[in-house]
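The data block below is start_23.cif; it holds mmCIF, C-alpha atoms.
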```cif
data_structure
loop_
_atom_site.label_atom_id
_atom_site.label_comp_id
_atom_site.auth_asym_id
_atom_site.auth_seq_id
_atom_site.Cartn_x
_atom_site.Cartn_y
_atom_site.Cartn_z
CA MET A 1 30.87 -42.81 -17.63
CA LEU A 2 27.98 -44.81 -19.09
CA LYS A 3 27.58 -46.61 -15.77
CA ARG A 4 27.17 -43.31 -13.89
CA LEU A 5 24.68 -42.03 -16.43
CA THR A 6 22.60 -45.19 -16.30
CA GLY A 7 22.71 -44.99 -12.49
CA LEU A 8 21.35 -41.44 -12.66
CA VAL A 9 18.62 -42.55 -15.05
CA LYS A 10 17.65 -45.38 -12.70
CA SER A 11 17.47 -42.96 -9.77
CA ILE A 12 15.26 -40.53 -11.70
CA ASP A 13 13.08 -43.39 -12.93
CA SER A 14 12.71 -44.69 -9.36
CA LEU A 15 11.66 -41.27 -8.07
CA THR A 16 9.24 -40.77 -10.94
CA THR A 17 7.73 -44.22 -10.42
CA ALA A 18 7.36 -43.72 -6.66
CA VAL A 19 5.65 -40.33 -7.08
CA GLY A 20 3.45 -41.65 -9.89
CA ARG A 21 2.36 -44.71 -7.93
CA ALA A 22 1.62 -42.59 -4.87
CA ALA A 23 -0.40 -40.18 -7.02
CA SER A 24 -2.33 -43.05 -8.58
CA TRP A 25 -4.05 -43.56 -5.21
CA CYS A 26 -5.84 -40.29 -5.92
CA THR A 27 -7.94 -42.28 -8.39
CA LEU A 28 -9.43 -44.34 -5.58
CA GLY A 29 -10.06 -41.16 -3.59
CA ILE A 30 -11.79 -39.53 -6.55
CA VAL A 31 -14.11 -42.51 -7.01
CA LEU A 32 -14.94 -42.95 -3.32
CA ILE A 33 -15.47 -39.27 -2.63
CA GLY A 34 -17.46 -38.87 -5.83
CA PHE A 35 -19.65 -41.77 -4.75
CA ALA A 36 -20.12 -40.16 -1.33
CA VAL A 37 -21.06 -36.82 -2.91
CA VAL A 38 -23.70 -38.51 -5.09
CA LEU A 39 -25.13 -40.47 -2.15
CA MET A 40 -25.25 -37.37 0.01
CA ARG A 41 -26.91 -35.34 -2.72
CA TYR A 42 -29.56 -37.81 -3.86
CA LEU A 43 -30.25 -39.83 -0.72
CA LEU A 44 -29.79 -37.22 1.99
CA GLY A 45 -30.35 -34.02 0.05
CA LEU A 46 -27.02 -32.62 1.28
CA GLY A 47 -24.28 -30.93 -0.66
CA SER A 48 -20.66 -30.39 0.22
CA ILE A 49 -18.46 -27.89 -1.54
CA TRP A 50 -15.57 -29.13 0.58
CA LEU A 51 -15.95 -32.69 -0.79
CA GLN A 52 -16.44 -31.47 -4.35
CA GLU A 53 -13.26 -29.40 -4.14
CA THR A 54 -11.44 -32.41 -2.70
CA ILE A 55 -12.28 -34.28 -5.90
CA VAL A 56 -10.88 -31.41 -7.99
CA TYR A 57 -7.70 -31.32 -5.87
CA ALA A 58 -7.23 -35.09 -6.13
CA HIS A 59 -7.80 -34.95 -9.88
CA ALA A 60 -5.21 -32.19 -10.27
CA ALA A 61 -2.72 -34.06 -8.07
CA LEU A 62 -3.23 -37.24 -10.08
CA PHE A 63 -2.51 -35.62 -13.42
CA LEU A 64 0.25 -33.27 -12.33
CA LEU A 65 2.17 -35.78 -10.21
CA ALA A 66 1.74 -38.80 -12.51
CA ALA A 67 2.65 -37.03 -15.77
CA ALA A 68 6.38 -37.77 -15.50
CA TRP A 69 5.63 -41.42 -14.73
CA THR A 70 3.41 -41.54 -17.83
CA LEU A 71 6.32 -40.16 -19.86
CA LYS A 72 8.66 -42.78 -18.40
CA GLU A 73 6.23 -45.55 -19.30
CA GLY A 74 5.85 -44.25 -22.88
CA GLY A 75 2.25 -43.11 -22.46
CA HIS A 76 2.65 -39.58 -23.81
CA VAL A 77 1.68 -38.58 -27.31
CA ARG A 78 4.18 -38.78 -30.11
CA VAL A 79 3.84 -39.48 -33.80
CA ASP A 80 3.85 -43.27 -33.52
CA VAL A 81 3.30 -43.70 -37.25
CA PHE A 82 6.97 -42.87 -37.74
CA TYR A 83 8.30 -43.90 -34.34
CA ALA A 84 6.86 -47.44 -34.15
CA ASN A 85 8.83 -48.82 -37.10
CA ALA A 86 11.97 -46.73 -36.59
CA SER A 87 15.34 -48.26 -35.79
CA PRO A 88 16.64 -48.03 -32.21
CA ARG A 89 19.04 -45.30 -33.37
CA ASN A 90 16.28 -43.21 -34.92
CA LYS A 91 14.05 -43.70 -31.88
CA ALA A 92 16.91 -42.52 -29.68
CA LEU A 93 17.40 -39.46 -31.89
CA VAL A 94 13.68 -38.60 -31.70
CA ASP A 95 13.73 -39.04 -27.91
CA LEU A 96 16.91 -36.99 -27.52
CA PHE A 97 15.81 -34.06 -29.66
CA GLY A 98 12.25 -34.22 -28.32
CA ALA A 99 13.56 -33.96 -24.77
CA LEU A 100 16.13 -31.25 -25.49
CA LEU A 101 14.15 -29.07 -27.89
CA LEU A 102 10.57 -29.49 -26.69
CA LEU A 103 10.17 -31.08 -23.28
CA LEU A 104 12.95 -29.42 -21.29
CA PRO A 105 12.32 -25.86 -22.57
CA PHE A 106 8.61 -26.29 -21.79
CA ALA A 107 9.28 -27.64 -18.30
CA ILE A 108 11.84 -24.94 -17.51
CA ALA A 109 9.52 -22.16 -18.74
CA LEU A 110 6.57 -23.56 -16.81
CA PHE A 111 8.66 -23.83 -13.64
CA TRP A 112 10.05 -20.31 -14.03
CA PHE A 113 6.73 -18.62 -14.80
CA SER A 114 4.78 -20.53 -12.15
CA LEU A 115 7.03 -19.54 -9.27
CA PRO A 116 5.70 -15.97 -8.82
CA TYR A 117 2.14 -17.30 -9.12
CA VAL A 118 2.75 -19.91 -6.42
CA THR A 119 4.76 -17.54 -4.23
CA ARG A 120 1.91 -15.00 -4.21
CA SER A 121 -0.52 -17.75 -3.30
CA TRP A 122 1.68 -18.87 -0.39
CA ALA A 123 2.19 -15.28 0.77
CA ILE A 124 -1.53 -14.86 1.40
CA LEU A 125 -2.22 -18.54 2.19
CA GLU A 126 -4.81 -18.48 -0.57
CA ARG A 127 -8.13 -20.14 0.19
CA SER A 128 -11.07 -21.24 -1.86
CA PRO A 129 -13.38 -18.39 -2.90
CA GLU A 130 -16.26 -20.52 -1.59
CA THR A 131 -17.11 -19.98 2.07
CA SER A 132 -17.10 -23.68 2.89
CA GLY A 133 -14.36 -24.55 0.41
CA LEU A 134 -10.90 -25.92 1.13
CA PRO A 135 -8.39 -23.46 2.58
CA LEU A 136 -5.52 -25.03 0.60
CA VAL A 137 -5.43 -23.35 -2.81
CA PHE A 138 -1.78 -22.45 -2.20
CA VAL A 139 -0.93 -26.15 -1.79
CA LEU A 140 -2.80 -27.01 -4.97
CA LYS A 141 -0.90 -24.33 -6.91
CA THR A 142 2.40 -25.75 -5.59
CA LEU A 143 1.75 -28.82 -7.73
CA ILE A 144 2.43 -26.74 -10.87
CA PRO A 145 6.19 -26.16 -10.35
CA LEU A 146 6.46 -29.66 -8.88
CA PHE A 147 4.92 -31.02 -12.09
CA ALA A 148 7.43 -29.04 -14.14
CA LEU A 149 10.34 -30.25 -12.02
CA LEU A 150 9.32 -33.92 -12.22
CA LEU A 151 8.73 -33.64 -15.96
CA ALA A 152 12.12 -31.95 -16.45
CA LEU A 153 13.86 -34.67 -14.44
CA GLN A 154 12.20 -37.36 -16.52
CA GLY A 155 13.17 -35.42 -19.66
CA VAL A 156 16.79 -35.48 -18.52
CA ALA A 157 16.50 -39.23 -17.96
CA GLN A 158 14.99 -39.63 -21.42
CA ALA A 159 17.80 -37.63 -23.01
CA ILE A 160 20.49 -39.58 -21.15
CA ARG A 161 18.84 -42.88 -22.07
CA ALA A 162 18.83 -41.79 -25.71
CA LEU A 163 22.49 -40.73 -25.54
CA VAL A 164 23.46 -44.09 -24.03
CA THR A 165 21.54 -45.89 -26.77
CA LEU A 166 23.27 -43.82 -29.45
CA LYS A 167 26.66 -44.49 -27.88
CA LEU A 168 25.99 -48.23 -27.73
CA GLN A 169 24.78 -48.21 -31.34
CA GLN A 170 27.99 -46.40 -32.32
CA MET A 171 30.09 -48.96 -30.44
CA ILE A 172 28.26 -51.85 -32.13
CA ARG A 173 28.77 -50.28 -35.56
CA GLY A 174 32.45 -49.77 -34.74
CA LYS A 175 32.90 -53.44 -33.84
CA ALA A 176 30.99 -54.58 -36.93
CA ALA A 177 33.24 -52.45 -39.17
CA ARG A 178 36.36 -54.21 -37.88
#
```
Would you mind writing the file out in structure tokens?
Amino acid sequence: MLKRLTGLVKSIDSLTTAVGRAASWCTLGIVLIGFAVVLMRYLLGLGSIWLQETIVYAHAALFLLAAAWTLKEGGHVRVDVFYANASPRNKALVDLFGALLLLLPFAIALFWFSLPYVTRSWAILERSPETSGLPLVFVLKTLIPLFALLLALQGVAQAIRALVTLKLQQMIRGKAAR
């Protein structure tokens, strides 16, 4: 049973890492396009709403698609004052209850409430309100439920990892008691 669970965790971690690494390339795009916008504005006197919106889209994609990877790597906020010096068992308990009581309900609610919002956007193929803006607002909004789904999957992996740790701690205590 533990082997299957750890296999599932590895699969989720692999997906999260792949999506996060792919999204991290948005950083390069943001810098290069931002540089181009500045050059165009100050050297050529030209502006481009299309390029400026591309930066916003890339920024949103970076944060929404890399959030689960950040969670996997331990980069999200928690009260490290207590967590840093805690035993492996207590860390596992914090991770388990944090995932089950905070992360998963948030991700599920966000997914559920974002679906009508995204569906409406797709129904009309929503475009930028700017005349020369990007015609892909519906794609941008699709990142919201995708963010929630990836975060929920990583929350499941976090909870399973914590359960496995607790089970192993229990087994070690059982052997030590003998």
Practice task
Would you mind reading off the distance between CA of Thr17 in chain A and CA of Leu166 in chain A, one decimal, in Å?
Solution key: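 Pair CA of Thr17 in chain A / CA of Leu166 in chain A returns 24.6 Å.
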Restrict the calculation to all atoms listed in the file, then for each residue of range 102-168 of chain A with any atom at most 7 Å from an atom of range 57-64 of chain A give the closest atom pair and their distance in Å to one decimal, rows by chain and rising residue number, as a tab-separated table.
```
residue	atom	partner	partner_atom	distance
A:Leu140	CA	A:Tyr57	CA	6.6
A:Leu143	CA	A:Leu64	CA	6.6
A:Phe147	CA	A:Leu64	CA	5.2
```
Problem - Top pick for closest residue to Pro135 in chain A, considering A:Arg41, A:Ser121, A:Ala86, A:Gly174 and counting all atoms listed in the file - result: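 Between A:Arg41, A:Ser121, A:Ala86, A:Gly174, the residue approaching Pro135 in chain A most closely is A:Ser121.
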Practice task
Would you list the contacts of Tyr117 in chain A as a list in words, taking every protein, DNA or RNA residue within 12 Å and counting all atoms listed in the file, but skipping same-chain residues closer than 3 positions in sequence?
Solution key: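 Answer for this query is Leu110, Phe111, Trp112, Phe113, Ser114, Arg120, Ser121, Trp122, Ala123, Ile124, Glu126, Val137, Phe138, Val139, Leu140, Lys141, Thr142, Leu143, Ile144 and Pro145 of chain A.
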Problem - Using all atoms listed in the file: which of A:Leu151, A:Met1, A:Leu32, A:Ala66 has the shortest distance to Gln52 in chain A - result: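 Of the candidates, the smallest distance to Gln52 in chain A is held by A:Leu32.
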Handout entry: Output of the PyMOL selection byres ((chain A and resi 49) around 8), listed as a VMD selection string
Key = chain A and resid 47 to 48 50 to 53 130 132 to 133
Practice task
Take the PyMOL selection byres ((chain A and resi 161) around 10), apply it to the structure above, and return the hits as a PyMOL selection string.
Solution key: chain A and resi 2+5-6+8-10+92+95-96+155-160+162-167
Exercise for the section: Find the distance between CA of Ala68 in chain A and CA of Ser11 in chain A and write it in Å to one decimal. Expected result: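 Spanning CA of Ala68 in chain A to CA of Ser11 in chain A is a straight-line distance of 13.5 Å.
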Handout entry: Point-to-point distance from CA of Pro88 in chain A to CA of Gln170 in chain A, Å rounded to tenths
Key =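 If I compute the distance from CA of Pro88 in chain A to CA of Gln170 in chain A, I get 11.5 Å.
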Handout entry: Nearest residue to Leu149 in chain A from the set A:Phe106, A:Tyr42, A:Tyr83, A:Phe97 (distances using all atoms listed in the file)
Key =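 Once distances to Leu149 in chain A are computed over all atoms listed in the file, the minimum belongs to A:Phe106.
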Practice task
Can you work out which one of A:Leu136, A:Val37, A:Lys72, A:Lys91 has the shortest atom-to-atom distance to Ile12 in chain A, counting only C-alpha atoms?
Solution key: A:Lys72
Problem - Selection as a ChimeraX atom specification: residues within 6 Å of (4.0, -36.7, -7.6), counting only C-alpha atoms - result: /A:19-20,23,65-66
Exercise for the section: Measuring atom to atom with only C-alpha atoms, identify which of A:Leu44, A:Leu102, A:Thr54, A:Ser14 is nearest to Ile30 in chain A. Expected result: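 Closest candidate: A:Thr54.
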Take every atom of range 33-49 of chain A listed in the file, pad by 3 Å on each side, and give me the axis-aligned box centre and edge lengths in Å, one decimal, as AutoDock Vina command-line options.
```
--center_x -22.9 --center_y -34.8 --center_z -1.9 --size_x 20.9 --size_y 19.9 --size_z 13.8
```
Handout entry: Pick from A:Ala67, A:Leu153, A:Ala84, A:Ile108, whichever lies nearest to Ser24 in chain A using only C-alpha atoms
Key =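 The shortest atom-to-atom distance to Ser24 in chain A comes from A:Ala67.
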